[in-house]
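Novice: Dropping in query-v4.cif, with mmCIF, N, CA, C and O atoms.
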data_target
loop_
_atom_site.label_atom_id
_atom_site.label_comp_id
_atom_site.auth_asym_id
_atom_site.auth_seq_id
_atom_site.Cartn_x
_atom_site.Cartn_y
_atom_site.Cartn_z
N MET A 1 -12.87 -34.23 49.94
CA MET A 1 -13.81 -33.41 49.22
C MET A 1 -14.30 -32.30 50.14
O MET A 1 -14.64 -32.54 51.28
N ILE A 2 -14.32 -31.10 49.65
CA ILE A 2 -14.81 -29.95 50.41
C ILE A 2 -16.34 -29.96 50.38
O ILE A 2 -16.94 -29.97 49.31
N ARG A 3 -16.95 -29.94 51.58
CA ARG A 3 -18.41 -29.93 51.67
C ARG A 3 -18.96 -28.53 51.86
O ARG A 3 -20.15 -28.31 51.76
N GLY A 4 -18.11 -27.57 52.19
CA GLY A 4 -18.58 -26.21 52.38
C GLY A 4 -17.57 -25.40 53.14
O GLY A 4 -16.52 -25.90 53.53
N TYR A 5 -17.88 -24.14 53.34
CA TYR A 5 -17.04 -23.22 54.10
C TYR A 5 -17.83 -22.74 55.30
O TYR A 5 -19.05 -22.61 55.24
N THR A 6 -17.11 -22.42 56.38
CA THR A 6 -17.76 -22.00 57.60
C THR A 6 -17.11 -20.73 58.13
O THR A 6 -15.88 -20.65 58.18
N ALA A 7 -17.91 -19.78 58.52
CA ALA A 7 -17.41 -18.60 59.21
C ALA A 7 -17.27 -18.94 60.68
O ALA A 7 -18.16 -19.55 61.27
N VAL A 8 -16.16 -18.57 61.29
CA VAL A 8 -15.95 -18.82 62.71
C VAL A 8 -16.22 -17.52 63.44
O VAL A 8 -15.51 -16.53 63.27
N ILE A 9 -17.29 -17.51 64.24
CA ILE A 9 -17.72 -16.31 64.95
C ILE A 9 -17.16 -16.35 66.36
O ILE A 9 -17.30 -17.35 67.07
N GLU A 10 -16.52 -15.28 66.77
CA GLU A 10 -16.04 -15.18 68.14
C GLU A 10 -17.21 -14.74 69.00
O GLU A 10 -17.57 -13.55 69.02
N ASP A 11 -17.82 -15.71 69.68
CA ASP A 11 -19.05 -15.46 70.42
C ASP A 11 -18.94 -14.34 71.44
O ASP A 11 -19.87 -13.56 71.61
N SER A 12 -17.81 -14.26 72.14
CA SER A 12 -17.69 -13.23 73.17
C SER A 12 -17.77 -11.83 72.57
O SER A 12 -18.34 -10.92 73.16
N ARG A 13 -17.23 -11.65 71.39
CA ARG A 13 -17.31 -10.34 70.74
C ARG A 13 -18.69 -10.09 70.15
O ARG A 13 -19.10 -8.95 69.99
N ALA A 14 -19.40 -11.14 69.81
CA ALA A 14 -20.74 -11.00 69.25
C ALA A 14 -21.79 -10.91 70.35
O ALA A 14 -22.98 -10.77 70.07
N GLY A 15 -21.36 -11.00 71.62
CA GLY A 15 -22.29 -10.93 72.73
C GLY A 15 -23.13 -12.18 72.88
O GLY A 15 -24.24 -12.12 73.39
N MET A 16 -22.60 -13.32 72.46
CA MET A 16 -23.34 -14.58 72.52
C MET A 16 -22.59 -15.58 73.38
O MET A 16 -21.38 -15.48 73.58
N LEU A 17 -23.32 -16.55 73.90
CA LEU A 17 -22.77 -17.68 74.64
C LEU A 17 -23.13 -18.96 73.90
O LEU A 17 -24.10 -18.99 73.13
N GLN A 18 -22.36 -20.00 74.16
CA GLN A 18 -22.72 -21.32 73.66
C GLN A 18 -22.86 -22.25 74.84
O GLN A 18 -22.23 -22.07 75.88
N ALA A 19 -23.71 -23.24 74.68
CA ALA A 19 -23.94 -24.22 75.74
C ALA A 19 -24.31 -25.55 75.10
O ALA A 19 -24.69 -25.61 73.92
N PHE A 20 -24.17 -26.60 75.88
CA PHE A 20 -24.63 -27.93 75.49
C PHE A 20 -25.69 -28.37 76.48
O PHE A 20 -25.60 -28.08 77.67
N ILE A 21 -26.70 -29.05 75.98
CA ILE A 21 -27.69 -29.68 76.84
C ILE A 21 -27.71 -31.16 76.50
O ILE A 21 -27.91 -31.54 75.33
N GLU A 22 -27.48 -32.00 77.51
CA GLU A 22 -27.71 -33.44 77.35
C GLU A 22 -29.17 -33.68 77.64
O GLU A 22 -29.71 -33.10 78.60
N ILE A 23 -29.84 -34.49 76.84
CA ILE A 23 -31.24 -34.81 77.12
C ILE A 23 -31.44 -36.32 77.20
O ILE A 23 -30.77 -37.09 76.51
N ARG A 24 -32.35 -36.71 78.08
CA ARG A 24 -32.83 -38.08 78.17
C ARG A 24 -34.29 -38.06 77.74
O ARG A 24 -35.09 -37.31 78.31
N LEU A 25 -34.60 -38.86 76.75
CA LEU A 25 -35.97 -38.88 76.23
C LEU A 25 -36.84 -39.87 77.00
O LEU A 25 -36.33 -40.84 77.58
N LEU A 26 -38.13 -39.63 77.00
CA LEU A 26 -39.09 -40.56 77.58
C LEU A 26 -39.25 -41.75 76.63
O LEU A 26 -39.36 -41.56 75.41
N GLY A 27 -39.25 -42.95 77.15
CA GLY A 27 -39.48 -44.13 76.32
C GLY A 27 -38.34 -44.40 75.35
O GLY A 27 -37.21 -44.02 75.57
N ALA A 28 -38.68 -45.06 74.27
CA ALA A 28 -37.69 -45.45 73.26
C ALA A 28 -37.13 -44.22 72.54
O ALA A 28 -37.87 -43.29 72.22
N THR A 29 -35.83 -44.24 72.30
CA THR A 29 -35.18 -43.12 71.62
C THR A 29 -35.33 -43.26 70.12
O THR A 29 -35.13 -44.32 69.57
N ASP A 30 -35.68 -42.19 69.48
CA ASP A 30 -35.83 -42.16 68.03
C ASP A 30 -35.12 -40.93 67.52
O ASP A 30 -35.38 -39.82 67.98
N SER A 31 -34.21 -41.09 66.56
CA SER A 31 -33.47 -39.94 66.05
C SER A 31 -34.39 -38.91 65.41
O SER A 31 -34.07 -37.72 65.40
N ASP A 32 -35.54 -39.33 64.89
CA ASP A 32 -36.50 -38.38 64.33
C ASP A 32 -37.05 -37.46 65.42
O ASP A 32 -37.29 -36.27 65.18
N GLU A 33 -37.23 -37.99 66.64
CA GLU A 33 -37.72 -37.17 67.75
C GLU A 33 -36.68 -36.13 68.14
O GLU A 33 -37.01 -34.96 68.39
N ILE A 34 -35.41 -36.54 68.16
CA ILE A 34 -34.33 -35.62 68.48
C ILE A 34 -34.26 -34.52 67.43
O ILE A 34 -34.16 -33.34 67.74
N GLN A 35 -34.37 -34.90 66.17
CA GLN A 35 -34.34 -33.92 65.09
C GLN A 35 -35.55 -32.99 65.18
O GLN A 35 -35.43 -31.79 64.98
N GLY A 36 -36.70 -33.53 65.52
CA GLY A 36 -37.91 -32.71 65.66
C GLY A 36 -37.77 -31.66 66.75
O GLY A 36 -38.16 -30.50 66.56
N ILE A 37 -37.20 -32.05 67.89
CA ILE A 37 -36.96 -31.09 68.98
C ILE A 37 -36.01 -30.00 68.48
O ILE A 37 -36.23 -28.82 68.68
N SER A 38 -34.95 -30.43 67.81
CA SER A 38 -33.93 -29.49 67.33
C SER A 38 -34.49 -28.50 66.32
O SER A 38 -34.17 -27.31 66.36
N GLU A 39 -35.32 -28.97 65.42
CA GLU A 39 -35.89 -28.10 64.39
C GLU A 39 -36.91 -27.13 64.98
O GLU A 39 -37.13 -26.05 64.43
N SER A 40 -37.53 -27.48 66.11
CA SER A 40 -38.57 -26.63 66.68
C SER A 40 -38.00 -25.49 67.54
O SER A 40 -38.74 -24.57 67.90
N ILE A 41 -36.71 -25.53 67.86
CA ILE A 41 -36.10 -24.52 68.73
C ILE A 41 -34.92 -23.91 67.99
O ILE A 41 -33.89 -24.55 67.82
N PRO A 42 -35.05 -22.66 67.52
CA PRO A 42 -34.04 -22.06 66.65
C PRO A 42 -32.66 -21.89 67.29
O PRO A 42 -31.66 -21.83 66.59
N GLU A 43 -32.58 -21.85 68.61
CA GLU A 43 -31.29 -21.67 69.28
C GLU A 43 -30.42 -22.93 69.22
O GLU A 43 -29.22 -22.89 69.50
N ILE A 44 -31.02 -24.06 68.86
CA ILE A 44 -30.25 -25.31 68.74
C ILE A 44 -29.54 -25.31 67.40
O ILE A 44 -30.18 -25.33 66.35
N GLU A 45 -28.20 -25.28 67.45
CA GLU A 45 -27.38 -25.27 66.23
C GLU A 45 -27.10 -26.67 65.72
O GLU A 45 -26.96 -26.88 64.52
N GLU A 46 -26.92 -27.61 66.64
CA GLU A 46 -26.58 -28.98 66.28
C GLU A 46 -27.25 -29.91 67.26
O GLU A 46 -27.46 -29.56 68.41
N SER A 47 -27.56 -31.11 66.79
CA SER A 47 -28.02 -32.15 67.71
C SER A 47 -27.31 -33.44 67.33
O SER A 47 -27.08 -33.72 66.15
N HIS A 48 -26.96 -34.20 68.35
CA HIS A 48 -26.21 -35.44 68.15
C HIS A 48 -26.87 -36.55 68.96
O HIS A 48 -27.06 -36.38 70.18
N SER A 49 -27.22 -37.65 68.33
CA SER A 49 -27.64 -38.85 69.07
C SER A 49 -26.37 -39.43 69.68
O SER A 49 -25.35 -39.54 68.99
N ILE A 50 -26.42 -39.78 70.96
CA ILE A 50 -25.22 -40.27 71.62
C ILE A 50 -25.51 -41.57 72.38
O ILE A 50 -26.66 -41.88 72.69
N ALA A 51 -24.45 -42.29 72.67
CA ALA A 51 -24.53 -43.49 73.50
C ALA A 51 -24.23 -43.10 74.94
O ALA A 51 -23.52 -42.13 75.19
N GLY A 52 -24.80 -43.82 75.88
CA GLY A 52 -24.55 -43.53 77.29
C GLY A 52 -25.83 -43.30 78.04
O GLY A 52 -26.91 -43.71 77.60
N THR A 53 -25.75 -42.60 79.15
CA THR A 53 -26.93 -42.39 79.98
C THR A 53 -27.89 -41.36 79.39
O THR A 53 -29.06 -41.35 79.73
N SER A 54 -27.39 -40.50 78.52
CA SER A 54 -28.24 -39.53 77.81
C SER A 54 -28.48 -40.01 76.39
O SER A 54 -27.73 -40.81 75.86
N ASP A 55 -29.53 -39.48 75.77
CA ASP A 55 -29.88 -39.88 74.40
C ASP A 55 -29.34 -38.93 73.35
O ASP A 55 -29.11 -39.34 72.21
N ALA A 56 -29.16 -37.66 73.71
CA ALA A 56 -28.73 -36.68 72.72
C ALA A 56 -27.95 -35.56 73.38
O ALA A 56 -28.10 -35.29 74.58
N LEU A 57 -27.15 -34.89 72.56
CA LEU A 57 -26.41 -33.71 72.97
C LEU A 57 -26.79 -32.59 72.01
O LEU A 57 -26.66 -32.74 70.80
N LEU A 58 -27.31 -31.50 72.56
CA LEU A 58 -27.75 -30.36 71.77
C LEU A 58 -26.78 -29.21 71.98
O LEU A 58 -26.45 -28.87 73.12
N LYS A 59 -26.34 -28.58 70.90
CA LYS A 59 -25.46 -27.42 70.99
C LYS A 59 -26.30 -26.17 70.75
O LYS A 59 -27.01 -26.08 69.75
N LEU A 60 -26.19 -25.22 71.67
CA LEU A 60 -27.00 -24.00 71.63
C LEU A 60 -26.14 -22.76 71.45
O LEU A 60 -25.01 -22.71 71.90
N ARG A 61 -26.72 -21.74 70.85
CA ARG A 61 -26.15 -20.39 70.84
C ARG A 61 -27.22 -19.50 71.46
O ARG A 61 -28.33 -19.39 70.95
N ILE A 62 -26.84 -18.87 72.60
CA ILE A 62 -27.79 -18.07 73.34
C ILE A 62 -27.19 -16.71 73.71
O ILE A 62 -25.99 -16.54 73.68
N ARG A 63 -28.06 -15.76 74.08
CA ARG A 63 -27.62 -14.40 74.42
C ARG A 63 -27.00 -14.32 75.81
O ARG A 63 -26.01 -13.64 76.03
N ASP A 64 -27.65 -14.98 76.78
CA ASP A 64 -27.22 -14.89 78.18
C ASP A 64 -27.87 -16.02 78.96
O ASP A 64 -28.59 -16.84 78.38
N VAL A 65 -27.63 -16.07 80.28
CA VAL A 65 -28.16 -17.18 81.06
C VAL A 65 -29.69 -17.15 81.16
O VAL A 65 -30.32 -18.20 81.27
N ASN A 66 -30.29 -15.97 81.11
CA ASN A 66 -31.76 -15.92 81.11
C ASN A 66 -32.32 -16.54 79.83
O ASN A 66 -33.31 -17.28 79.87
N HIS A 67 -31.68 -16.25 78.71
CA HIS A 67 -32.09 -16.85 77.43
C HIS A 67 -31.87 -18.36 77.49
O HIS A 67 -32.71 -19.14 77.01
N LEU A 68 -30.77 -18.80 78.10
CA LEU A 68 -30.50 -20.23 78.26
C LEU A 68 -31.62 -20.90 79.03
O LEU A 68 -32.11 -21.96 78.63
N GLN A 69 -32.07 -20.27 80.11
CA GLN A 69 -33.16 -20.84 80.90
C GLN A 69 -34.43 -20.97 80.07
O GLN A 69 -35.15 -21.97 80.17
N GLN A 70 -34.72 -20.00 79.23
CA GLN A 70 -35.90 -20.07 78.35
C GLN A 70 -35.79 -21.25 77.38
O GLN A 70 -36.77 -21.96 77.14
N VAL A 71 -34.59 -21.45 76.84
CA VAL A 71 -34.39 -22.56 75.89
C VAL A 71 -34.51 -23.91 76.61
O VAL A 71 -35.16 -24.82 76.10
N ILE A 72 -33.92 -24.02 77.79
CA ILE A 72 -34.04 -25.26 78.56
C ILE A 72 -35.51 -25.56 78.84
O ILE A 72 -35.97 -26.69 78.68
N SER A 73 -36.27 -24.55 79.22
CA SER A 73 -37.70 -24.73 79.47
C SER A 73 -38.43 -25.17 78.21
O SER A 73 -39.29 -26.05 78.26
N ALA A 74 -38.07 -24.60 77.06
CA ALA A 74 -38.70 -24.99 75.79
C ALA A 74 -38.39 -26.45 75.46
O ALA A 74 -39.27 -27.19 75.00
N VAL A 75 -37.16 -26.86 75.70
CA VAL A 75 -36.78 -28.26 75.45
C VAL A 75 -37.60 -29.18 76.35
O VAL A 75 -38.16 -30.18 75.90
N ARG A 76 -37.72 -28.83 77.61
CA ARG A 76 -38.47 -29.66 78.56
C ARG A 76 -39.96 -29.70 78.25
O ARG A 76 -40.64 -30.70 78.49
N ARG A 77 -40.50 -28.60 77.70
CA ARG A 77 -41.94 -28.53 77.38
C ARG A 77 -42.32 -29.34 76.14
O ARG A 77 -43.51 -29.45 75.85
N THR A 78 -41.36 -29.87 75.42
CA THR A 78 -41.70 -30.66 74.23
C THR A 78 -42.50 -31.90 74.59
O THR A 78 -43.14 -32.49 73.73
N GLY A 79 -42.47 -32.31 75.85
CA GLY A 79 -43.21 -33.49 76.29
C GLY A 79 -42.50 -34.79 75.98
O GLY A 79 -43.01 -35.86 76.26
N LYS A 80 -41.31 -34.70 75.41
CA LYS A 80 -40.57 -35.90 75.03
C LYS A 80 -39.31 -36.09 75.87
O LYS A 80 -38.61 -37.07 75.74
N VAL A 81 -39.03 -35.12 76.76
CA VAL A 81 -37.77 -35.10 77.49
C VAL A 81 -38.01 -35.46 78.95
O VAL A 81 -38.83 -34.84 79.63
N GLU A 82 -37.28 -36.46 79.43
CA GLU A 82 -37.38 -36.90 80.81
C GLU A 82 -36.44 -36.09 81.72
O GLU A 82 -36.76 -35.81 82.87
N GLY A 83 -35.27 -35.70 81.20
CA GLY A 83 -34.33 -34.96 82.01
C GLY A 83 -33.28 -34.26 81.16
O GLY A 83 -33.07 -34.62 80.00
N THR A 84 -32.65 -33.25 81.74
CA THR A 84 -31.61 -32.49 81.03
C THR A 84 -30.42 -32.26 81.95
O THR A 84 -30.54 -32.31 83.17
N LYS A 85 -29.28 -32.00 81.33
CA LYS A 85 -28.07 -31.58 82.04
C LYS A 85 -27.41 -30.56 81.14
O LYS A 85 -27.22 -30.78 79.95
N THR A 86 -27.06 -29.39 81.69
CA THR A 86 -26.60 -28.26 80.89
C THR A 86 -25.15 -27.91 81.20
O THR A 86 -24.74 -27.93 82.35
N PHE A 87 -24.42 -27.55 80.14
CA PHE A 87 -23.03 -27.12 80.25
C PHE A 87 -22.87 -25.83 79.47
O PHE A 87 -23.19 -25.77 78.29
N ILE A 88 -22.34 -24.77 80.12
CA ILE A 88 -22.03 -23.52 79.43
C ILE A 88 -20.58 -23.59 78.98
O ILE A 88 -19.70 -23.96 79.75
N ILE A 89 -20.33 -23.26 77.72
CA ILE A 89 -18.99 -23.32 77.16
C ILE A 89 -18.20 -22.09 77.60
O ILE A 89 -18.65 -20.96 77.38
N MET A 90 -17.05 -22.32 78.18
CA MET A 90 -16.18 -21.23 78.64
C MET A 90 -15.13 -20.89 77.59
O MET A 90 -14.86 -19.72 77.34
N ASN A 91 -14.49 -21.89 77.00
CA ASN A 91 -13.46 -21.74 75.98
C ASN A 91 -13.60 -22.85 74.96
O ASN A 91 -14.06 -23.94 75.30
N THR A 92 -13.16 -22.58 73.74
CA THR A 92 -13.23 -23.59 72.68
C THR A 92 -11.92 -23.62 71.92
O THR A 92 -11.34 -22.58 71.62
N TRP A 93 -11.47 -24.80 71.63
CA TRP A 93 -10.33 -25.03 70.75
C TRP A 93 -10.79 -26.01 69.68
O TRP A 93 -11.47 -26.99 70.00
N THR A 94 -10.49 -25.73 68.44
CA THR A 94 -10.78 -26.68 67.36
C THR A 94 -9.59 -26.74 66.42
O THR A 94 -8.82 -25.78 66.31
N ARG A 95 -9.43 -27.84 65.74
CA ARG A 95 -8.37 -27.96 64.74
C ARG A 95 -8.57 -26.95 63.62
O ARG A 95 -7.63 -26.37 63.13
N ALA A 96 -9.83 -26.68 63.25
CA ALA A 96 -10.12 -25.76 62.15
C ALA A 96 -9.60 -24.37 62.47
O ALA A 96 -8.98 -23.72 61.62
N THR A 97 -9.83 -23.87 63.69
CA THR A 97 -9.36 -22.53 64.03
C THR A 97 -7.84 -22.51 64.21
O THR A 97 -7.20 -21.54 63.87
N GLU A 98 -7.26 -23.60 64.70
CA GLU A 98 -5.82 -23.69 64.85
C GLU A 98 -5.15 -23.67 63.47
O GLU A 98 -4.18 -22.97 63.24
N GLN A 99 -5.70 -24.42 62.53
CA GLN A 99 -5.14 -24.49 61.19
C GLN A 99 -5.33 -23.18 60.42
O GLN A 99 -4.54 -22.84 59.56
N ALA A 100 -6.36 -22.42 60.78
CA ALA A 100 -6.62 -21.15 60.11
C ALA A 100 -5.74 -20.03 60.66
O ALA A 100 -5.80 -18.91 60.19
N GLY A 101 -4.96 -20.36 61.70
CA GLY A 101 -4.07 -19.36 62.27
C GLY A 101 -4.68 -18.53 63.37
O GLY A 101 -4.11 -17.57 63.81
N THR A 102 -5.85 -18.92 63.85
CA THR A 102 -6.49 -18.20 64.94
C THR A 102 -5.93 -18.71 66.26
O THR A 102 -5.86 -19.91 66.46
N PRO A 103 -5.52 -17.84 67.18
CA PRO A 103 -4.96 -18.29 68.45
C PRO A 103 -5.98 -19.02 69.29
O PRO A 103 -7.13 -18.83 69.20
#
Turn the structure described in the file into structure tokens.
Specialist:
Amino acid sequence: MIRGYTAVIEDSRAGMLQAFIEIRLLGATDSDEIQGISESIPEIEESHSIAGTSDALLKLRIRDVNHLQQVISAVRRTGKVEGTKTFIIMNTWTRATEQAGTP
């Protein structure tokens, strides 16, 4: 069943970067807390509760590294985050773009 259609934006041409932030929450992990953090920061496109040493993985769309630092600071200021680890995306491959004929 088709749930929707998605535009695939080439971030480098749009002048945007993408990054992931792993977060560790203080105390017990609650998916509502993760969702609350995500909804309060517009640069967060997706949030995922994960298993492992971190509690969640947040996907960001940001302008540049200065903007990334501002978003990381905003995530940390929520008062619910014990620690973060950040990854800037250099290249992306997905089945959707491969199937659509995009190199």
Novice: Quick one, how far is atom O of A:Gly79 from atom O of A:Gly52?
Specialist: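 Between atom O of A:Gly79 and atom O of A:Gly52 the gap is 18.0 Å.
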Novice: Could you tell me which residues the PyMOL selection byres (((chain A and resi 57 and name CA) around 7) and name CA) returns for this structure, as a list in words?
Specialist: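 That expression, the PyMOL selection byres (((chain A and resi 57 and name CA) around 7) and name CA), corresponds here to Phe20, Ile21, Glu22, Ile23, Ser47, His48, Ser49, Ile50, Ala56, Leu58 and Lys59 of chain A.
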Novice: Which distance in Å separates atom CA of A:Phe87 and atom CA of A:Ile41, to one decimal?
Specialist: 17.6 Å
Novice: Please determine, counting only C-alpha atoms, which residue among A:Leu17, A:Leu68, A:Ile37, A:Met1 has the shortest atom-to-atom distance to A:Ile89.
Specialist: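 Ranking A:Leu17, A:Leu68, A:Ile37, A:Met1 by distance to A:Ile89, first place goes to A:Leu17.
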Novice: Rounded to one decimal, what separation in Å do you get between atom O of A:Thr84 and atom N of A:Leu26?
Specialist: 12.2 Å
Novice: Rank nothing, just name the residue among A:Ala96, A:Met90, A:Val71, A:Ile62 nearest to A:Met16, using only N, CA, C and O atoms.
Specialist: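 Closest candidate: A:Ile62.
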Novice: Carefully work through the PyMOL selection byres ((chain A and resi 25) around 5) for this structure and note down the residues it includes, as an NGL selection string.
Specialist: :A and (23-24 or 26-27 or 80-82)
Novice: Please identify the strand (DSSP E or B) residues within chain A (assignment by DSSP from backbone atoms) and present them as number ranges by chain.
Specialist: A: 17-25, 44-49, 56-62, 81-88
Novice: Would you mind telling me which residue in A:Val65, A:Ala28, A:Ala19, A:Ile72 lies nearest to A:Glu45 when using all atoms listed in the file?
Specialist: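 Between A:Val65, A:Ala28, A:Ala19, A:Ile72, the residue approaching A:Glu45 most closely is A:Ala19.
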